[in-house]
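One file, upload.cif, is given below (mmCIF, C-alpha atoms).
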data_protein
#
loop_
_atom_site.label_atom_id
_atom_site.label_comp_id
_atom_site.auth_asym_id
_atom_site.auth_seq_id
_atom_site.Cartn_x
_atom_site.Cartn_y
_atom_site.Cartn_z
CA MET A 243 0.00 0.00 0.00
CA ALA A 244 2.95 2.31 0.66
CA ARG A 245 4.00 2.00 -2.96
CA SER A 246 0.59 2.94 -4.33
CA SER A 247 0.33 5.93 -1.91
CA SER A 248 3.69 7.30 -3.00
CA GLY A 249 2.68 6.82 -6.64
CA ILE A 250 -0.51 8.80 -6.05
CA VAL A 251 1.40 11.60 -4.30
CA ALA A 252 3.95 11.71 -7.13
CA GLY A 253 1.16 11.85 -9.71
CA LEU A 254 -0.64 14.64 -7.88
CA THR A 255 2.61 16.61 -7.53
CA ILE A 256 3.31 16.33 -11.27
CA ALA A 257 -0.26 17.40 -12.08
CA ALA A 258 -0.01 20.40 -9.73
CA VAL A 259 3.33 21.54 -11.19
CA ALA A 260 1.91 21.19 -14.71
CA ALA A 261 -1.20 23.22 -13.78
CA VAL A 262 0.86 26.01 -12.21
CA GLY A 263 3.14 26.10 -15.24
CA PHE A 264 0.15 26.28 -17.61
CA LEU A 265 -1.50 29.09 -15.61
CA GLY A 266 1.79 31.00 -15.53
CA TYR A 267 2.08 30.65 -19.31
CA GLN A 268 -1.47 31.95 -19.78
CA ALA A 269 -0.82 34.92 -17.52
CA SER A 270 2.37 35.88 -19.32
CA ALA A 271 0.70 35.54 -22.71
CA THR A 272 -2.02 38.05 -21.75
CA ALA A 273 0.24 40.53 -19.91
CA PRO A 274 1.01 43.80 -21.71
CA ALA A 275 4.48 44.20 -23.18
CA ARG A 276 7.02 45.87 -20.89
CA PRO A 277 8.17 49.36 -21.88
CA PRO A 278 11.82 49.53 -22.93
CA LYS A 279 14.31 50.27 -20.16
CA ALA A 280 15.70 53.80 -19.97
CA ALA A 281 19.22 54.29 -21.22
CA ALA A 282 21.89 54.06 -18.53
CA GLN A 283 23.00 57.65 -19.09
CA ASP A 284 19.46 59.03 -18.59
CA PRO A 285 18.46 58.05 -15.04
CA ALA A 286 14.96 59.10 -14.00
CA PRO A 287 14.71 61.59 -11.14
CA ALA A 288 13.72 60.24 -7.75
CA PRO A 289 9.91 60.19 -7.52
CA SER A 290 9.88 61.93 -4.13
CA LEU A 291 11.55 65.07 -5.43
CA PRO A 292 10.71 66.99 -8.62
CA ALA A 293 13.62 67.32 -11.06
CA ALA A 294 13.88 71.07 -10.43
CA LYS A 295 14.36 70.51 -6.68
CA GLN A 296 16.96 67.80 -7.33
CA ASP A 297 18.95 70.16 -9.53
CA ALA A 298 18.64 72.95 -6.97
CA ALA A 299 19.89 70.65 -4.21
CA LYS A 300 22.94 69.65 -6.25
CA ALA A 301 23.64 73.23 -7.32
CA ALA A 302 23.25 74.82 -3.89
CA PRO A 303 26.69 75.22 -2.36
CA VAL A 304 27.08 75.79 1.36
CA PRO A 305 26.95 79.59 1.85
CA GLU A 306 30.29 81.33 2.24
CA GLY A 307 30.86 82.77 5.68
CA SER A 308 28.86 80.01 7.36
CA GLY A 309 31.81 78.80 9.37
CA ILE A 310 33.81 75.60 9.41
CA GLY A 311 33.42 72.16 10.89
CA THR A 312 30.36 70.06 11.53
CA ARG A 313 27.28 72.27 11.61
CA VAL A 314 23.74 72.92 10.43
CA VAL A 315 23.54 75.92 8.11
CA TYR A 316 20.16 77.61 7.68
CA SER A 317 19.69 80.29 5.02
CA VAL A 318 16.54 82.29 5.70
CA GLY A 319 16.65 83.89 2.23
CA GLN A 320 17.24 80.67 0.30
CA LYS A 321 14.77 78.69 2.47
CA ARG A 322 17.40 75.97 2.60
CA VAL A 323 19.33 73.91 5.15
CA TRP A 324 22.69 72.16 4.83
CA LEU A 325 23.83 69.41 7.17
CA VAL A 326 27.59 69.83 6.97
CA GLY A 327 29.47 66.83 8.32
CA GLU A 328 33.14 66.00 8.49
CA SER A 329 35.56 67.45 5.97
CA GLY A 330 35.34 65.68 2.64
CA GLN A 331 31.74 64.54 3.08
CA GLU A 332 29.12 65.90 0.70
CA PRO A 333 26.68 68.01 2.77
CA LYS A 334 23.01 67.05 2.70
CA SER A 335 20.91 69.99 1.56
CA PHE A 336 17.17 70.47 1.33
CA THR A 337 14.55 73.20 1.15
CA VAL A 338 12.46 74.20 4.15
CA MET A 339 9.37 76.30 4.85
CA PRO A 340 10.43 79.14 7.17
CA SER A 341 8.32 80.20 10.11
CA THR A 342 6.89 83.69 10.57
CA VAL A 343 9.57 84.53 13.17
CA HIS A 344 13.21 84.35 12.08
CA PRO A 345 16.37 84.17 14.18
CA LYS A 346 19.03 86.81 13.55
CA ALA A 347 22.08 85.78 11.54
CA GLY A 348 24.64 84.18 13.83
CA THR A 349 25.82 81.00 15.48
CA TYR A 350 23.60 79.04 17.86
CA VAL A 351 23.61 75.61 19.51
CA VAL A 352 20.81 73.06 19.73
CA GLY A 353 19.37 73.56 23.20
CA SER A 354 16.47 71.13 23.24
CA ARG A 355 14.79 68.41 21.22
CA SER A 356 11.40 66.71 21.29
CA GLY A 357 10.38 63.53 19.52
CA SER A 358 6.78 64.60 18.99
CA VAL A 359 4.72 67.53 20.27
CA THR A 360 2.03 69.93 19.12
CA GLY A 361 3.52 72.94 17.33
CA SER A 362 2.72 76.57 18.18
CA ASP A 363 0.35 76.47 15.19
CA GLY A 364 -1.64 73.61 16.76
CA VAL A 365 -0.35 70.95 14.34
CA PRO A 366 1.21 67.64 15.49
CA ILE A 367 4.93 67.73 14.68
CA GLU A 368 7.91 65.44 15.14
CA HIS A 369 11.68 65.57 15.42
CA VAL A 370 11.78 69.08 16.85
CA VAL A 371 15.29 70.56 17.10
CA ARG A 372 15.22 73.95 18.90
CA PHE A 373 18.17 76.30 18.68
CA ALA A 374 17.07 79.92 19.19
CA THR A 375 14.48 82.32 20.57
CA ALA A 376 13.28 85.31 18.58
CA GLU A 377 10.51 87.76 19.50
CA GLY A 378 9.73 85.57 22.53
CA VAL A 379 9.13 82.50 20.34
CA ALA A 380 11.20 79.30 20.35
CA VAL A 381 12.73 78.68 16.92
CA GLY A 382 13.58 75.24 15.63
CA PHE A 383 13.39 72.68 12.85
CA SER A 384 10.54 70.19 12.67
CA ALA A 385 8.37 68.11 10.37
CA ARG A 386 4.60 67.91 10.44
CA SER A 387 3.42 64.42 11.34
CA ASP A 388 1.23 64.42 8.21
CA GLY A 389 4.26 65.28 6.02
CA ALA A 390 2.79 68.52 4.62
CA THR A 391 4.89 71.70 4.33
CA PRO A 392 2.39 74.54 3.80
CA ALA A 393 3.26 78.19 4.32
CA PRO A 394 2.61 79.31 7.91
CA ASP A 395 -0.30 81.57 8.83
CA ALA A 396 1.19 85.07 8.55
CA ALA A 397 -1.13 86.29 11.31
CA LYS A 398 0.52 83.98 13.89
CA LYS A 399 3.97 84.24 15.48
CA THR A 400 5.48 80.80 14.94
CA GLY A 401 9.05 79.54 15.11
CA GLY A 402 8.77 76.16 13.38
CA ILE A 403 11.02 75.82 10.34
CA ARG A 404 9.23 72.96 8.58
CA MET A 405 10.64 70.26 6.36
CA THR A 406 9.57 66.94 4.90
CA ARG A 407 9.45 63.94 7.22
CA ALA A 408 12.50 62.37 5.50
CA ASP A 409 14.49 65.60 5.93
CA GLY A 410 13.21 65.82 9.53
CA ASP A 411 14.59 62.31 10.13
CA ALA A 412 17.98 63.41 8.77
CA MET A 413 17.96 66.57 10.91
CA TRP A 414 17.02 64.56 14.01
CA ALA A 415 19.92 62.14 13.48
CA PHE A 416 22.40 64.95 12.72
CA ALA A 417 21.54 67.81 15.10
CA THR A 418 21.87 66.52 18.65
CA ILE A 419 22.09 68.67 21.81
CA ASN A 420 24.91 71.25 21.58
CA SER A 421 25.25 70.85 17.79
CA LYS A 422 26.21 74.07 16.04
CA VAL A 423 23.57 75.88 13.95
CA VAL A 424 24.64 78.79 11.75
CA VAL A 425 21.94 81.14 10.47
CA VAL A 426 22.73 83.21 7.39
CA PRO A 427 20.53 85.75 5.59
#
What's the structure tokens form of this structure?
Amino acid sequence: MARSSSGIVAGLTIAAVAAVGFLGYQASATAPARPPKAAAQDPAPAPSLPAAKQDAAKAAPVPEGSGIGTRVVYSVGQKRVWLVGESGQEPKSFTVMPSTVHPKAGTYVVGSRSGSVTGSDGVPIEHVVRFATAEGVAVGFSARSDGATPAPDAAKKTGGIRMTRADGDAMWAFATINSKVVVVP
């Protein structure tokens, strides 16, 4: 009886493999043709960042006069941040949405951080890195928990310099307590 059971199992296995193979063939025969691959020299831009922003990030050098060494550089006028690491490393740069209150040009240090809180505009935010006070308002970098980066309400005094969640993650990892932050016009 053992021989006939193993023969039945073998037969069922062969039938199952054949059925799966046939169904796979049918599926591939009805699938639309694949578009041709892009040429190696023409890579597509990353889907998370429009091509114009990618080019701007590559073309945006760290501002002159922003100091030396490991630091965060924030340009109020360019609405841009650079995370400048050790010498020889390419700085990470990204655009930000400035708050309605701006710190004066100068050098600051990160004084406090919060993983997640409610911003002064009433919006849940994460990865808050505070480094200054201006007009009685705490100023720092953060990302909205929903990932949006709208312009702030001009009628409110806010100090949150907003960025995407991915850039907020990078800032959080880079700018720890006592990290240097240089603000330029």
Could you please determine the separation between CA of Asp409 (chain A) and CA of Arg372 (chain A) in Å, to one decimal place?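 Distance reported for this atom pair: 15.4 Å.
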What do you get, as a list in words, if you spell out every residue that the PyMOL selection byres ((chain A and resi 396) around 12) selects here? Pro340, Ser341, Thr342, Val343, Asp363, Pro392, Ala393, Pro394, Asp395, Ala397, Lys398, Lys399, Thr400 and Gly401 of chain A
Could you work out how far CA of Arg386 (chain A) lies from CA of Gly327 (chain A), giving the answer in Å with one decimal?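 Spanning CA of Gly327 (chain A) to CA of Arg386 (chain A) is a straight-line distance of 25.0 Å.
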Exercise: residues within 6 Å of coordinate (24.4, 70.6, 5.9), counting only C-alpha atoms, as a ChimeraX atom specification: /A:314-315,324-326,333-335
What is the distance, in Å and to one decimal place, between CA of Ala412 (chain A) and CA of Phe373 (chain A)?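 Separation of CA of Ala412 (chain A) and CA of Phe373 (chain A): 16.3 Å.
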Tell me which of A:Val365, A:Val423, A:Val323, A:Ala415 sits closest to Pro345 (chain A), counting all atoms listed in the file.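 When distances to Pro345 (chain A) are compared using all atoms listed in the file, the smallest one comes from A:Val423.
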For the file shown, report as a ChimeraX atom specification the outcome of the PyMOL selection byres ((chain A and resi 426) around 6) at residue level. /A:317,347,425,427
